[in-house]
Amino acid sequence: MSTTFNFDEWLGTADPCDAPNVAGLVEAVEDECDFSGFKAEPAPNGKLIVSADGLELKLVLTSKEAEEEFVRCIRARYVSSGMSASTAAAIDHLNDHD
């Protein structure tokens with residue numbers, strides 16, 4: 001298992017790419033759970049380890065502040081300004097069914 005502390009490196013490798021996956025990643029990190037192919041597991045040392053199905057590279061978040069900054073990074077990179085990731089996923093879903 002290889003690890004990184006670099007948000008951009010991990011996101012570039014994991015590439016959640018569509019709105020439902022982005023929302024799943026945000027939910028996994030915020031709720032520290034396994035969701036939509038992403039997993040955020042608390043480590044005994046207080047860090048949070050983020051992984052994606054089929055990806056060997058793990059992201060290490062060292063504090064609650066790092067977790068919050070990572071979620072902000074996800075939103076800035078993948079979600080329209082002022083919109084939540086879940087709202088973007090819902091809009092994407094509606095557009096796919098038109």
# chains A, B, ... in the order shown; residues from 1 in each chain; ligands from 1
$ residues_around --residues "Glu56 of chain A" --least-positions-apart "2" --cutoff "9 Å" --atoms "only C-alpha atoms" --output "ChimeraX atom specification"
/A:1-3,51-54,58
$ residues_around --residues "segment 63-72 of chain A" --least-positions-apart "4" --cutoff "9 Å" --atoms "only C-alpha atoms" --output "PDB file with N, CA, C and O atoms, in the first residue's frame"
ATOM      1  N   PHE A   7      -3.673  16.040  -1.660  1.00  0.00           N
ATOM      2  CA  PHE A   7      -5.050  15.930  -2.143  1.00  0.00           C
ATOM      3  C   PHE A   7      -5.097  15.786  -3.663  1.00  0.00           C
ATOM      4  O   PHE A   7      -5.802  14.932  -4.189  1.00  0.00           O
ATOM      5  N   LEU A  25     -17.832  10.306  -2.466  1.00  0.00           N
ATOM      6  CA  LEU A  25     -16.550  10.565  -1.815  1.00  0.00           C
ATOM      7  C   LEU A  25     -16.714  11.552  -0.666  1.00  0.00           C
ATOM      8  O   LEU A  25     -16.197  11.331   0.433  1.00  0.00           O
ATOM      9  N   VAL A  26     -17.453  12.622  -0.902  1.00  0.00           N
ATOM     10  CA  VAL A  26     -17.680  13.605   0.161  1.00  0.00           C
ATOM     11  C   VAL A  26     -18.391  12.949   1.343  1.00  0.00           C
ATOM     12  O   VAL A  26     -17.996  13.126   2.498  1.00  0.00           O
ATOM     13  N   VAL A  29     -16.038  10.694   3.382  1.00  0.00           N
ATOM     14  CA  VAL A  29     -15.103  11.447   4.228  1.00  0.00           C
ATOM     15  C   VAL A  29     -15.836  12.099   5.396  1.00  0.00           C
ATOM     16  O   VAL A  29     -15.398  11.996   6.552  1.00  0.00           O
ATOM     17  N   GLU A  30     -16.946  12.749   5.116  1.00  0.00           N
ATOM     18  CA  GLU A  30     -17.660  13.455   6.185  1.00  0.00           C
ATOM     19  C   GLU A  30     -18.224  12.500   7.237  1.00  0.00           C
ATOM     20  O   GLU A  30     -18.233  12.822   8.425  1.00  0.00           O
ATOM     21  N   GLY A  46      -5.540   8.626  15.109  1.00  0.00           N
ATOM     22  CA  GLY A  46      -6.358   9.813  14.918  1.00  0.00           C
ATOM     23  C   GLY A  46      -6.415  10.305  13.489  1.00  0.00           C
ATOM     24  O   GLY A  46      -7.139  11.242  13.180  1.00  0.00           O
ATOM     25  N   LYS A  47      -5.665   9.677  12.603  1.00  0.00           N
ATOM     26  CA  LYS A  47      -5.691  10.063  11.195  1.00  0.00           C
ATOM     27  C   LYS A  47      -6.858   9.381  10.506  1.00  0.00           C
ATOM     28  O   LYS A  47      -7.434   8.425  11.024  1.00  0.00           O
ATOM     29  N   LEU A  48      -7.224   9.888   9.330  1.00  0.00           N
ATOM     30  CA  LEU A  48      -8.273   9.285   8.527  1.00  0.00           C
ATOM     31  C   LEU A  48      -7.629   8.796   7.232  1.00  0.00           C
ATOM     32  O   LEU A  48      -6.916   9.558   6.560  1.00  0.00           O
ATOM     33  N   ALA A  76     -14.277  22.391  -4.752  1.00  0.00           N
ATOM     34  CA  ALA A  76     -13.693  23.382  -5.659  1.00  0.00           C
ATOM     35  C   ALA A  76     -13.344  22.753  -7.007  1.00  0.00           C
ATOM     36  O   ALA A  76     -13.481  23.387  -8.052  1.00  0.00           O
ATOM     37  N   ARG A  77     -12.909  21.511  -6.971  1.00  0.00           N
ATOM     38  CA  ARG A  77     -12.460  20.841  -8.196  1.00  0.00           C
ATOM     39  C   ARG A  77     -13.607  20.271  -9.027  1.00  0.00           C
ATOM     40  O   ARG A  77     -13.535  20.264 -10.252  1.00  0.00           O
TER      41      ARG A  77
END
$ select_by_dssp --residues "chain A" --states "strand (DSSP E or B)" --output "VMD selection string"
chain A and resid 2 to 4 34 to 35 38 to 42 48 to 52 57 to 61
$ select_by_dssp --residues "chain A" --states "alpha helix (DSSP H)" --output "PyMOL selection string"
chain A and resi 7-14+19-31+64-78+85-96
$ atom_distance --atom1 "atom CA of Cys17 of chain A" --atom2 "atom CA of Asp34 of chain A"
18.2 Å
$ atom_distance --atom1 "atom CA of Val60 of chain A" --atom2 "atom CA of Ser80 of chain A"
25.8 Å
$ closest_residue --among "A:Trp10, A:Asp18, A:Ala40, A:Thr4" --to "Tyr78 of chain A" --atoms "only C-alpha atoms"
A:Asp18
$ residues_around --residues "Leu11 of chain A" --least-positions-apart "5" --cutoff "9 Å" --atoms "only C-alpha atoms" --output "list in words"
Asn6, Pro16 and Ile74 of chain A
